[in-house]
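Colleague: Before we start, here is the structure in question, set down as structure tokens.
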Amino acid sequence: MGRKLLLEHINVPGINTLAVYREQGGYRAVEKALKTLTPDDVVEEVKKSGLRGRGGAGFPTGMKWSFLAKPEGVPRYLVCNGDESEPGTFKDRYLMTHIPHALIEGMIVSSYALGANTSYIYVRGEMMPQIRILERAIEEAKAAGWLGKNILGTGYDLELYVQPGGGAYICGEETALLESLEGKRGNPRIKPPFPAIAGLYGCPTVVNNVESIAAVVPIINDGGDEYAKIGIGRSTGTKLISASGNLVKPGVYEIELGVPVEEFIYSDEYCGGIANGKRLKATVAGGSSVPILPANLTLKYANGEPRLMSYESLSEGGFATGTMLGSGGFIAFDEDQCIVRNTWNFSRFYHHESCGQCSPCREGTGWMEKILHKLEHGHGTMEDIDLLWDVQRKIEGNTICPLGDAAAWPVASAIRHFRDEFEWHVKEPMKSQSTNYGLANYANPIEKKPEEVK
Amino acid sequence: MLKVEETQPVEFSSALLAKFDEIVKRYPEGKQKSALLPLLHLVQAEYGWTSVPAMDKVAEYLKIQPIEVYEVASFYTMYFLQPKGKYVLEVCRTGPCCLVGAEKIMDHIEQKLGVKEGEVTADGLFSWRGVECLAACGFGPVLQIGPEYTFYENLTEQSVDQLIDDLRKK
Amino acid sequence: MSDLVKVTIDGITVEVEPGTTILNAARQIGGEIVPPAMCYYSKLKGSGGKCRTCIVKVSKGSEKDPRPMPKLVASCRTTVMDGMEVLNITSPEVLEARAGVVEILLINHPLDCPVCDQAGECDLQNLGYEHGLQKTRYEFERRTFDRIDIGDKIQLHMNRCILCYRCVFTADQITDKRVHGILNRGDHSEISTYIQNAVDNDFSGNVIDVCPVGALTDKTFRFKNRVWFTKPVDAHRNCSHEKCNGKVTLWYKGDDVLRVTARKDQFGEVEEFICNECRFDKKKTSDWTLEHPTHIPDTSVIASNHYETFKPLPVIKENLALQEANKRELEKTTKI
């Protein structure tokens, strides 16, 4: 059994209330931080923990905090990014639904560390139930003196508000989120300046994912060094993985980073294998934006070594044979799933969610969707596959924000690893409408290669 | 330019305005525009959709230009710029949900309600549409119904039938 | 002048004020190495970064941190650092990416240049000519919108729009009250007033001048003539509007002033914004004091019959000073 830090008490009845959360040791981190640590100490602990942003980019949280500008007389803001919309990712919803106080506790400690007196939790508008849960929890916390003026008599003031989004994936990008929070269209800002210098209302701002903020609580309770002992290499601590698709037990799992992918998919502790006795064809390991991998490369590196659930291991081999941990949205595809159809589905998503500000993404995502639609429905040509490859290349790296890359990568990786399935759709247009390409050779075991003599 | 339905001028109730006042307090002096998204949610919950007169009123309240409200309302997918059914069934249509049968659920809803995506049933009760990822991929297929955005998970054709029948009786 | 920073673009070094963008540094050098800019407008705060045509490669970040930047950057929004080295037309990677942006900008463009008033002075046309493909690879239906009037003097052809946001910035920064904006999102985004609403403001006509394409055009000039058949002359008047200095370009066909625009610099940007009265209501030569034939770069199609000695504009024929100026301009353009 791996250690649980965030979901340890998830099954305790009433854990969503302040009273029960307190009984289970909740708000200890606030007491410890506010009474015994300076803000810089808190930042130092988070740095020591090696915690990396849980929203997708994996940037070290402590380092992000230390970039925050601190000019005299200018307020600083902490904004929590709860705009969880990456297909395949639903851990933040789970956390906010069941243990809202873990997020609020994390917000208090983090705001204290950053010197913010007003903090916002931006939650996507569709999560109205979660917004109500958080608002109720904030009321409880405020009534008990954990929020408001002079918290615990330490002189530290903090107001915490929940801000609803309006339905836009792009607001998960931190500068688009800030625009949205300012009541504008969610167009990502052109950087620099980065939010750490000029963020919300032009003031220094840190934007962190829900899970990153919640992870600050165990880091303060146990110390950054303790946290860093969990995990593997630079992937420290535990991570919430949202498992979906054709699995026996989809759901949210807290894993110690470094669990073998094979164990995660097949062990009863986690996903329990592929549903309906089918075989695994492919996975998207970190949310729809990361490259899709065939089953064999999911489980092992190209050299036959087993792949682990960690930032480094999942990206082993680069985009040629690897992928990314991303936001931890693990989607499993069984042998009956059509990769072309799924790629079209994802590209429709990015087309729908492009903000339209910069031209390669605005026009290119639509173009990709149309070509994929054509291929999926049996009207495609071999040239279309090459054109698709070319269009994604024109988008990747040439846009204001990472949505362009996120739209290009799934398409590129699908062509890279499943080109024969695309070609089958061209060669067998009729057949491809009624049957699917099946498992083909995508799960062929990769033999461990003998060690190279150096 | 959008085709806009003719609508009567609106007057916000004092209860609604009190909620507005409460929300505006969350932001620093002069940054009241931040309240725009939450205010539009309140307006939509009250009237069922976001009409031009209502948006103009919101602009007036927040002391911004009406176009700033139109720009925002049309950017985000949750605001309905046309009247919809009383219950709008929003079914997730993105990858992971499709792996577990979301497309079948949408076909079934279309059949059951007898209206195409985006249309309103004759009794004015229902609309449905496919929406992008609702962040509940492990519990798919899923749908939500505003304005409370109640969530229904692990949908089957039977559970959808049950849900629609229950709503009809309500 | 020790606080100037040194930047090298395509091998040409220039010293510029700290805080200058790569694009503006390139404009100080001038010539072929200036990246094309479809959305950036130096007179509009916050503009730029969107169209991605001005992307360049930073092969050396600065003297202090010589690492190259990992991605191509928008030169209009990237500030130079001391010792920075930039590749524009000397980088095949940049040219390929730019060609990609141009292709993508054109997939939904109607390519209706033959009936577009902007043809001949259109940035997108020039860009397509220099970087585009001869044939489109886009085989799907193009996005279309209805043509609408925003105000009685301005027509909006949304089909042609590349969403540079310049007109929105103009309305925000030059006029008192913005009534048009960007509606919807993604590739459905459109410039619109949303409800039937006229853009009615003393300075609203400037959106026509800042538009890089034929999306916003002058209704009073609609189908009057092709710009390359008209002859521009700089002129001024004592404008009563406090924010307008009345310096304009008159576009003549024979004796008639077909349209009035603000004067534009070598990068296609207006020198100063003008009021609607000057633009729309003063179309008689007697309203103006003529200065000289407008300088048109010889790369422009408008230059083709501009400085003819044998057939100068009637208004020039009658004015000795203008005749002299015409001669000078002609010499300049025929020297090559």
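Every chain in the structure tokens has a letter given in the order shown (A, B, ...), and although residue numbers restart at 1 in each chain, ligands are simply numbered from 1 in the order shown.
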I'd like the contact shell of range 2-18 of chain C - 8 Å cut-off, only C-alpha atoms, skipping same-chain residues fewer than 5 positions apart - returned as a PDB file with N, CA and C atoms, in the first residue's frame.
Modeller:
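Listed below is the output, part_15.pdb:
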```pdb
ATOM      1  N   ALA C  25      13.642  47.450 -33.251  1.00  0.00           N
ATOM      2  CA  ALA C  25      15.077  47.530 -33.535  1.00  0.00           C
ATOM      3  C   ALA C  25      15.313  47.261 -35.023  1.00  0.00           C
ATOM      4  N   ALA C  26      14.582  46.267 -35.545  1.00  0.00           N
ATOM      5  CA  ALA C  26      14.712  45.939 -36.971  1.00  0.00           C
ATOM      6  C   ALA C  26      14.237  47.109 -37.826  1.00  0.00           C
ATOM      7  N   GLN C  28      14.527  50.143 -37.071  1.00  0.00           N
ATOM      8  CA  GLN C  28      15.580  51.153 -37.064  1.00  0.00           C
ATOM      9  C   GLN C  28      16.648  50.828 -38.100  1.00  0.00           C
ATOM     10  N   ILE C  29      16.866  49.526 -38.316  1.00  0.00           N
ATOM     11  CA  ILE C  29      17.811  49.135 -39.373  1.00  0.00           C
ATOM     12  C   ILE C  29      17.144  49.344 -40.735  1.00  0.00           C
ATOM     13  N   ILE C  33      15.129  43.192 -43.764  1.00  0.00           N
ATOM     14  CA  ILE C  33      15.170  42.375 -42.562  1.00  0.00           C
ATOM     15  C   ILE C  33      14.069  42.740 -41.570  1.00  0.00           C
ATOM     16  N   VAL C  80      14.608  43.482 -26.668  1.00  0.00           N
ATOM     17  CA  VAL C  80      15.997  43.127 -26.944  1.00  0.00           C
ATOM     18  C   VAL C  80      16.816  43.152 -25.651  1.00  0.00           C
ATOM     19  N   MET C  81      17.835  42.328 -25.608  1.00  0.00           N
ATOM     20  CA  MET C  81      18.783  42.314 -24.497  1.00  0.00           C
ATOM     21  C   MET C  81      20.146  42.635 -25.103  1.00  0.00           C
ATOM     22  N   ASP C  82      21.037  43.143 -24.266  1.00  0.00           N
ATOM     23  CA  ASP C  82      22.345  43.522 -24.791  1.00  0.00           C
ATOM     24  C   ASP C  82      23.082  42.286 -25.303  1.00  0.00           C
ATOM     25  N   GLY C  83      23.513  42.364 -26.539  1.00  0.00           N
ATOM     26  CA  GLY C  83      24.260  41.247 -27.126  1.00  0.00           C
ATOM     27  C   GLY C  83      23.386  40.213 -27.799  1.00  0.00           C
ATOM     28  N   MET C  84      22.080  40.482 -27.848  1.00  0.00           N
ATOM     29  CA  MET C  84      21.161  39.519 -28.451  1.00  0.00           C
ATOM     30  C   MET C  84      21.447  39.367 -29.947  1.00  0.00           C
ATOM     31  N   GLU C  85      21.311  38.147 -30.422  1.00  0.00           N
ATOM     32  CA  GLU C  85      21.442  37.901 -31.856  1.00  0.00           C
ATOM     33  C   GLU C  85      20.158  37.277 -32.385  1.00  0.00           C
ATOM     34  N   VAL C  86      19.645  37.885 -33.442  1.00  0.00           N
ATOM     35  CA  VAL C  86      18.345  37.485 -33.974  1.00  0.00           C
ATOM     36  C   VAL C  86      18.488  37.091 -35.443  1.00  0.00           C
ATOM     37  N   LEU C  87      17.802  36.034 -35.824  1.00  0.00           N
ATOM     38  CA  LEU C  87      17.771  35.651 -37.230  1.00  0.00           C
ATOM     39  C   LEU C  87      16.364  35.834 -37.765  1.00  0.00           C
ATOM     40  N   ASN C  88      16.245  36.558 -38.842  1.00  0.00           N
ATOM     41  CA  ASN C  88      14.940  36.673 -39.480  1.00  0.00           C
ATOM     42  C   ASN C  88      15.007  36.029 -40.864  1.00  0.00           C
ATOM     43  N   ILE C  89      15.353  36.826 -41.884  1.00  0.00           N
ATOM     44  CA  ILE C  89      15.337  36.246 -43.230  1.00  0.00           C
ATOM     45  C   ILE C  89      16.538  35.342 -43.491  1.00  0.00           C
ATOM     46  N   THR C  90      17.479  35.298 -42.558  1.00  0.00           N
ATOM     47  CA  THR C  90      18.604  34.382 -42.752  1.00  0.00           C
ATOM     48  C   THR C  90      18.339  33.009 -42.137  1.00  0.00           C
TER      49      THR C  90
END
```
Colleague: At a cut-off of 12 Å, which residues of chain C touch chain B? Count only C-alpha atoms and give the answer as a compact mmCIF listing (two decimals) with C-alpha atoms, in the first residue's frame.
Modeller:
```txt
# COMPACT_ATOMS: atom_id res chain seq x y z
CA THR C 144 -18.49 33.17 -44.01
CA PHE C 145 -20.28 36.03 -42.32
CA ASP C 146 -22.78 38.57 -43.55
CA ARG C 147 -21.44 41.90 -44.67
CA ILE C 148 -22.65 44.63 -42.35
CA ASP C 149 -22.46 48.36 -41.91
CA ILE C 150 -21.13 49.61 -38.65
CA LEU C 156 -17.39 45.46 -42.21
CA HIS C 157 -16.52 42.42 -44.33
CA MET C 158 -15.89 39.97 -41.55
CA VAL C 168 -10.68 47.27 -31.03
CA ALA C 171 -11.81 52.27 -30.42
CA ASP C 172 -10.60 51.78 -26.86
CA ASP C 176 -14.47 57.70 -25.97
CA LYS C 177 -16.80 54.76 -26.03
CA ARG C 178 -16.25 51.43 -27.64
CA VAL C 179 -19.33 49.81 -29.15
CA HIS C 180 -17.71 47.10 -31.24
CA GLY C 181 -15.56 44.26 -30.04
CA ILE C 182 -14.64 40.62 -30.52
CA LEU C 183 -17.56 38.27 -30.08
CA ASN C 184 -17.56 34.49 -29.75
CA ARG C 185 -14.33 32.59 -29.64
CA GLY C 186 -11.93 30.44 -31.59
CA ASP C 187 -12.43 30.44 -35.33
CA HIS C 188 -15.97 31.73 -34.84
CA SER C 189 -14.66 34.96 -33.38
CA GLU C 190 -15.94 38.02 -35.12
CA ILE C 191 -15.74 41.75 -34.95
CA SER C 192 -19.23 42.94 -34.16
CA THR C 193 -21.40 45.37 -32.29
CA TYR C 194 -23.56 42.36 -31.31
CA ILE C 195 -26.78 44.30 -31.48
CA GLN C 196 -27.63 46.69 -34.29
CA ASN C 197 -25.42 49.52 -33.24
CA VAL C 199 -20.01 52.99 -34.41
```
Colleague: Please return as JSON, numbers by chain: the residues of range 17-252 of chain C that backbone DSSP assigns to strand (DSSP E).
Modeller: {"C": [55, 56, 57, 58, 59, 60, 73, 74, 84, 85, 86, 87, 148, 149, 154, 155, 156, 181, 182, 183, 190, 191, 192, 216, 217, 218, 231, 232, 233, 234, 235, 236, 247, 248, 249, 250, 251, 252]}
Colleague: Suppose you want the space between CA of Ala275 in chain A and CA of Glu335 in chain A; what is it in Å?
Modeller: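 Atom-to-atom, CA of Ala275 in chain A to CA of Glu335 in chain A, that is 10.7 Å.
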Colleague: Which residues are close to Leu177 in chain A, i.e. within 9 Å by only C-alpha atoms, leaving aside same-chain residues fewer than 2 positions away? Reply as an NGL selection string.
Modeller: :A and (81 or 83 or 122 or 165 or 170-175 or 179-182 or 186-188 or 207)
Colleague: Write out, as a PDB file, in the first residue's frame, the residues just selected, with C-alpha atoms.
Modeller:
```pdb
ATOM      1  CA  ASN A  81      -6.400  27.253 -10.454  1.00  0.00           C
ATOM      2  CA  ASP A  83     -10.400  25.319 -13.807  1.00  0.00           C
ATOM      3  CA  TYR A 122     -10.990  30.104  -9.517  1.00  0.00           C
ATOM      4  CA  GLY A 165     -15.490  30.531 -14.531  1.00  0.00           C
ATOM      5  CA  ILE A 170      -8.355  27.988 -21.985  1.00  0.00           C
ATOM      6  CA  CYS A 171      -8.879  29.587 -18.572  1.00  0.00           C
ATOM      7  CA  GLY A 172      -6.752  26.779 -17.161  1.00  0.00           C
ATOM      8  CA  GLU A 173      -3.817  28.648 -18.692  1.00  0.00           C
ATOM      9  CA  GLU A 174      -2.714  30.889 -15.871  1.00  0.00           C
ATOM     10  CA  THR A 175      -2.776  34.243 -17.650  1.00  0.00           C
ATOM     11  CA  GLU A 179      -7.967  37.744 -17.493  1.00  0.00           C
ATOM     12  CA  SER A 180     -11.130  35.808 -16.730  1.00  0.00           C
ATOM     13  CA  LEU A 181     -10.874  36.679 -13.059  1.00  0.00           C
ATOM     14  CA  GLU A 182     -10.680  40.325 -14.107  1.00  0.00           C
ATOM     15  CA  GLY A 186     -10.122  34.332 -21.410  1.00  0.00           C
ATOM     16  CA  ASN A 187      -7.400  35.318 -23.836  1.00  0.00           C
ATOM     17  CA  PRO A 188      -3.969  34.281 -22.603  1.00  0.00           C
ATOM     18  CA  VAL A 207      -1.252  30.815  -9.743  1.00  0.00           C
TER      19      VAL A 207
END
```
Colleague: When you look at Asp265 in chain C with a cut-off of 12 Å (counting only C-alpha atoms), what residues show up, excluding the ones that are within fewer than 3 positions of it in the same chain? I need them as an MDAnalysis selection string.
Modeller: chainID C and resid 27 41:43 209 248:249 262 268:272 294:297
Colleague: Just need the residues of chain C within 9 Å of chain A, counting only C-alpha atoms, so spit them out as a PyMOL selection string.
Modeller: chain C and resi 48-52+55+71-74+77-78+96-98+100-101+104-105+107-108+137-138+140+162-165+184-189
Colleague: For C-alpha atoms, I'd like the residues from the last selection saved as a PDB file, in the first residue's frame.
Modeller:
```
ATOM      1  CA  GLY C  48       0.801  42.717 -31.242  1.00  0.00           C
ATOM      2  CA  GLY C  49       1.678  39.130 -30.498  1.00  0.00           C
ATOM      3  CA  LYS C  50      -1.406  37.660 -32.127  1.00  0.00           C
ATOM      4  CA  CYS C  51      -0.862  37.190 -35.849  1.00  0.00           C
ATOM      5  CA  ARG C  52       2.533  35.465 -35.459  1.00  0.00           C
ATOM      6  CA  ILE C  55       8.183  35.542 -35.562  1.00  0.00           C
ATOM      7  CA  LYS C  71      10.968  28.645 -29.566  1.00  0.00           C
ATOM      8  CA  LEU C  72      10.535  31.231 -32.272  1.00  0.00           C
ATOM      9  CA  VAL C  73       9.344  34.473 -30.683  1.00  0.00           C
ATOM     10  CA  ALA C  74       7.006  37.250 -31.760  1.00  0.00           C
ATOM     11  CA  ARG C  77       6.515  41.675 -28.192  1.00  0.00           C
ATOM     12  CA  THR C  78      10.020  40.493 -27.347  1.00  0.00           C
ATOM     13  CA  GLU C  96       9.153  28.161 -43.144  1.00  0.00           C
ATOM     14  CA  ALA C  97       7.202  28.976 -40.010  1.00  0.00           C
ATOM     15  CA  ARG C  98       6.175  32.333 -41.464  1.00  0.00           C
ATOM     16  CA  GLY C 100       2.986  28.385 -42.412  1.00  0.00           C
ATOM     17  CA  VAL C 101       1.363  31.325 -40.643  1.00  0.00           C
ATOM     18  CA  ILE C 104      -3.069  29.451 -42.120  1.00  0.00           C
ATOM     19  CA  LEU C 105      -4.163  33.107 -42.296  1.00  0.00           C
ATOM     20  CA  ILE C 107      -7.347  29.247 -45.363  1.00  0.00           C
ATOM     21  CA  ASN C 108     -10.524  31.023 -44.379  1.00  0.00           C
ATOM     22  CA  ARG C 137      -4.158  23.028 -49.607  1.00  0.00           C
ATOM     23  CA  TYR C 138      -7.394  23.812 -47.798  1.00  0.00           C
ATOM     24  CA  PHE C 140     -13.090  22.668 -46.948  1.00  0.00           C
ATOM     25  CA  ILE C 162      -7.646  38.304 -39.592  1.00  0.00           C
ATOM     26  CA  LEU C 163      -8.602  39.284 -36.029  1.00  0.00           C
ATOM     27  CA  CYS C 164      -5.631  41.534 -35.394  1.00  0.00           C
ATOM     28  CA  TYR C 165      -7.632  43.435 -32.756  1.00  0.00           C
ATOM     29  CA  ASN C 184     -17.560  34.493 -29.749  1.00  0.00           C
ATOM     30  CA  ARG C 185     -14.327  32.590 -29.642  1.00  0.00           C
ATOM     31  CA  GLY C 186     -11.934  30.437 -31.594  1.00  0.00           C
ATOM     32  CA  ASP C 187     -12.427  30.440 -35.333  1.00  0.00           C
ATOM     33  CA  HIS C 188     -15.970  31.725 -34.839  1.00  0.00           C
ATOM     34  CA  SER C 189     -14.656  34.958 -33.377  1.00  0.00           C
TER      35      SER C 189
END
```
Colleague: Using DSSP on the backbone coordinates, identify all residues within range 28-140 of chain B classified as alpha helix (DSSP H); present the result as a PyMOL selection string.
Modeller: chain B and resi 36-47+52-62+66-75+95-99+102-113
Colleague: Those selected residues, please, written with C-alpha atoms and delivered as a PDB file, in the first residue's frame.
Modeller:
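Contents of result19.pdb, freshly written:
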```pdb
ATOM      1  CA  LEU B  36     -18.940  40.031 -14.435  1.00  0.00           C
ATOM      2  CA  LEU B  37     -18.810  36.237 -14.713  1.00  0.00           C
ATOM      3  CA  PRO B  38     -20.514  35.513 -11.372  1.00  0.00           C
ATOM      4  CA  LEU B  39     -23.143  38.165 -12.096  1.00  0.00           C
ATOM      5  CA  LEU B  40     -23.966  36.661 -15.465  1.00  0.00           C
ATOM      6  CA  HIS B  41     -24.409  33.268 -13.783  1.00  0.00           C
ATOM      7  CA  LEU B  42     -26.900  34.829 -11.376  1.00  0.00           C
ATOM      8  CA  VAL B  43     -28.749  36.526 -14.223  1.00  0.00           C
ATOM      9  CA  GLN B  44     -28.976  33.287 -16.168  1.00  0.00           C
ATOM     10  CA  ALA B  45     -30.185  31.377 -13.116  1.00  0.00           C
ATOM     11  CA  GLU B  46     -32.926  33.998 -12.676  1.00  0.00           C
ATOM     12  CA  TYR B  47     -34.102  34.341 -16.283  1.00  0.00           C
ATOM     13  CA  VAL B  52     -29.420  41.716 -24.254  1.00  0.00           C
ATOM     14  CA  PRO B  53     -31.487  43.916 -21.912  1.00  0.00           C
ATOM     15  CA  ALA B  54     -30.199  41.898 -18.964  1.00  0.00           C
ATOM     16  CA  MET B  55     -26.604  42.249 -20.163  1.00  0.00           C
ATOM     17  CA  ASP B  56     -27.103  45.977 -20.634  1.00  0.00           C
ATOM     18  CA  LYS B  57     -28.352  46.206 -17.064  1.00  0.00           C
ATOM     19  CA  VAL B  58     -25.312  44.310 -15.815  1.00  0.00           C
ATOM     20  CA  ALA B  59     -23.073  46.710 -17.763  1.00  0.00           C
ATOM     21  CA  GLU B  60     -24.846  49.644 -16.179  1.00  0.00           C
ATOM     22  CA  TYR B  61     -24.470  48.113 -12.733  1.00  0.00           C
ATOM     23  CA  LEU B  62     -20.748  47.442 -13.194  1.00  0.00           C
ATOM     24  CA  PRO B  66     -22.354  46.926 -22.888  1.00  0.00           C
ATOM     25  CA  ILE B  67     -19.970  45.541 -25.532  1.00  0.00           C
ATOM     26  CA  GLU B  68     -17.622  44.419 -22.749  1.00  0.00           C
ATOM     27  CA  VAL B  69     -20.432  42.247 -21.430  1.00  0.00           C
ATOM     28  CA  TYR B  70     -21.369  40.890 -24.876  1.00  0.00           C
ATOM     29  CA  GLU B  71     -17.739  40.029 -25.551  1.00  0.00           C
ATOM     30  CA  VAL B  72     -17.485  38.035 -22.360  1.00  0.00           C
ATOM     31  CA  ALA B  73     -20.886  36.365 -22.533  1.00  0.00           C
ATOM     32  CA  SER B  74     -20.238  35.157 -26.070  1.00  0.00           C
ATOM     33  CA  PHE B  75     -16.751  33.873 -25.222  1.00  0.00           C
ATOM     34  CA  GLY B  95     -12.703  11.395 -25.515  1.00  0.00           C
ATOM     35  CA  PRO B  96     -12.846   9.496 -22.237  1.00  0.00           C
ATOM     36  CA  CYS B  97     -16.644   9.685 -22.028  1.00  0.00           C
ATOM     37  CA  CYS B  98     -16.897   8.487 -25.633  1.00  0.00           C
ATOM     38  CA  LEU B  99     -14.772   5.457 -24.739  1.00  0.00           C
ATOM     39  CA  ALA B 102     -21.338   8.957 -24.464  1.00  0.00           C
ATOM     40  CA  GLU B 103     -22.248   9.033 -28.150  1.00  0.00           C
ATOM     41  CA  LYS B 104     -24.903   6.373 -27.624  1.00  0.00           C
ATOM     42  CA  ILE B 105     -26.317   8.342 -24.719  1.00  0.00           C
ATOM     43  CA  MET B 106     -26.578  11.457 -26.877  1.00  0.00           C
ATOM     44  CA  ASP B 107     -28.335   9.508 -29.647  1.00  0.00           C
ATOM     45  CA  HIS B 108     -30.713   8.160 -27.048  1.00  0.00           C
ATOM     46  CA  ILE B 109     -31.486  11.598 -25.627  1.00  0.00           C
ATOM     47  CA  GLU B 110     -32.138  12.934 -29.109  1.00  0.00           C
ATOM     48  CA  GLN B 111     -34.582  10.113 -29.726  1.00  0.00           C
ATOM     49  CA  LYS B 112     -36.232  10.341 -26.349  1.00  0.00           C
ATOM     50  CA  LEU B 113     -36.764  14.104 -26.495  1.00  0.00           C
TER      51      LEU B 113
END
```
Colleague: Each residue of chain A lying at most 8 Å from chain B should get a row with its shortest atom-to-atom pair and the distance in Å to one decimal, counting only C-alpha atoms; could you produce that, ordered by chain and increasing number, as a Markdown table?
Modeller:
```
| residue | atom | partner | partner_atom | distance |
| --- | --- | --- | --- | --- |
| A:Glu84 | CA | B:Ala135 | CA | 6.5 |
| A:Ser85 | CA | B:Ala135 | CA | 5.6 |
| A:Glu86 | CA | B:Cys133 | CA | 7.1 |
| A:Pro87 | CA | B:Cys133 | CA | 5.5 |
| A:Gly88 | CA | B:Cys137 | CA | 5.5 |
| A:Thr89 | CA | B:Ala135 | CA | 5.8 |
| A:Phe90 | CA | B:Ala135 | CA | 4.6 |
| A:Arg93 | CA | B:Ala135 | CA | 7.1 |
| A:Gly125 | CA | B:Met78 | CA | 7.6 |
| A:Glu126 | CA | B:Tyr149 | CA | 6.5 |
| A:Met127 | CA | B:Tyr149 | CA | 7.1 |
| A:Met128 | CA | B:Tyr149 | CA | 5.9 |
| A:Pro129 | CA | B:Tyr149 | CA | 6.7 |
| A:Tyr161 | CA | B:Arg26 | CA | 6.9 |
| A:Gln163 | CA | B:Pro38 | CA | 7.1 |
| A:Pro164 | CA | B:Pro38 | CA | 6.1 |
| A:Gly165 | CA | B:Leu37 | CA | 6.6 |
| A:Gly166 | CA | B:Tyr76 | CA | 5.1 |
| A:Gly167 | CA | B:Thr77 | CA | 5.0 |
| A:Ala168 | CA | B:Tyr76 | CA | 5.7 |
| A:Ser180 | CA | B:Ser34 | CA | 7.7 |
| A:Leu181 | CA | B:Ser34 | CA | 5.6 |
| A:Glu182 | CA | B:Ser34 | CA | 4.2 |
| A:Gly183 | CA | B:Ser34 | CA | 4.1 |
| A:Lys184 | CA | B:Val72 | CA | 5.9 |
| A:Arg185 | CA | B:Val72 | CA | 5.1 |
| A:Gly186 | CA | B:Phe75 | CA | 7.7 |
| A:Tyr201 | CA | B:Lys31 | CA | 7.9 |
| A:Ser242 | CA | B:Gly138 | CA | 7.0 |
| A:Ala243 | CA | B:Gly138 | CA | 6.0 |
| A:Ser244 | CA | B:Gly138 | CA | 4.4 |
| A:Gly245 | CA | B:Pro96 | CA | 5.3 |
| A:Asn246 | CA | B:Leu99 | CA | 6.8 |
| A:Pro250 | CA | B:Gly138 | CA | 5.0 |
| A:Gly251 | CA | B:Gly138 | CA | 4.9 |
| A:Val252 | CA | B:Gly138 | CA | 7.6 |
| A:Ile331 | CA | B:Pro96 | CA | 6.7 |
| A:Phe333 | CA | B:Leu99 | CA | 7.4 |
| A:Gln337 | CA | B:Leu99 | CA | 7.2 |
| A:Asn342 | CA | B:Gly95 | CA | 6.1 |
| A:Asn345 | CA | B:Gly95 | CA | 5.9 |
| A:Phe346 | CA | B:Gly95 | CA | 6.3 |
| A:Phe349 | CA | B:Glu132 | CA | 6.4 |
```
Colleague: So which residues touch Ile232 in chain A within 12 Å, counting only C-alpha atoms, skipping near sequence neighbours fewer than 3 positions away, as a ChimeraX atom specification?
Modeller: /A:50-51,227-229,235-239,255-260,308-313
Colleague: Can you tell me how far CA of Thr220 in chain C sits from CA of Asp152 in chain C, in Å to one decimal?
Modeller: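 CA of Thr220 in chain C sits 9.1 Å away from CA of Asp152 in chain C.
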Colleague: Please provide the set of residues having any atom within 8 Å of Trp389 in chain A, restricted to only C-alpha atoms, with same-chain residues fewer than 3 positions apart removed, written as a ChimeraX atom specification.
Modeller: /A:385-386,392-393,411-412,415
Colleague: Export N, CA and C atoms of the chosen residues as a CSV table (one decimal), in the first residue's frame?
Modeller:
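Wrote it out as again-v8.csv, contents follow:
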```
chain,number,residue,atom,x,y,z
A,385,ILE,N,-3.0,12.5,-44.6
A,385,ILE,CA,-2.2,12.2,-43.4
A,385,ILE,C,-0.9,13.0,-43.4
A,386,ASP,N,-0.3,13.2,-44.6
A,386,ASP,CA,0.9,14.0,-44.6
A,386,ASP,C,0.5,15.5,-44.3
A,392,GLN,N,0.0,20.3,-38.1
A,392,GLN,CA,0.3,20.3,-36.6
A,392,GLN,C,1.7,20.9,-36.4
A,393,ARG,N,2.6,20.6,-37.3
A,393,ARG,CA,3.9,21.2,-37.2
A,393,ARG,C,3.9,22.7,-37.2
A,411,VAL,N,-2.2,14.8,-32.1
A,411,VAL,CA,-2.3,14.5,-33.5
A,411,VAL,C,-0.9,13.9,-34.0
A,412,ALA,N,0.1,14.6,-33.6
A,412,ALA,CA,1.5,14.2,-34.0
A,412,ALA,C,1.7,12.8,-33.5
A,415,ILE,N,-0.2,10.0,-35.3
A,415,ILE,CA,0.3,9.6,-36.6
A,415,ILE,C,1.6,8.9,-36.4
```
Colleague: For CA of Glu90 in chain B and CA of Gln8 in chain B, determine how far apart the two atoms are, in Å to one decimal place.
Modeller: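 Calculated distance between CA of Glu90 in chain B and CA of Gln8 in chain B is 27.5 Å.
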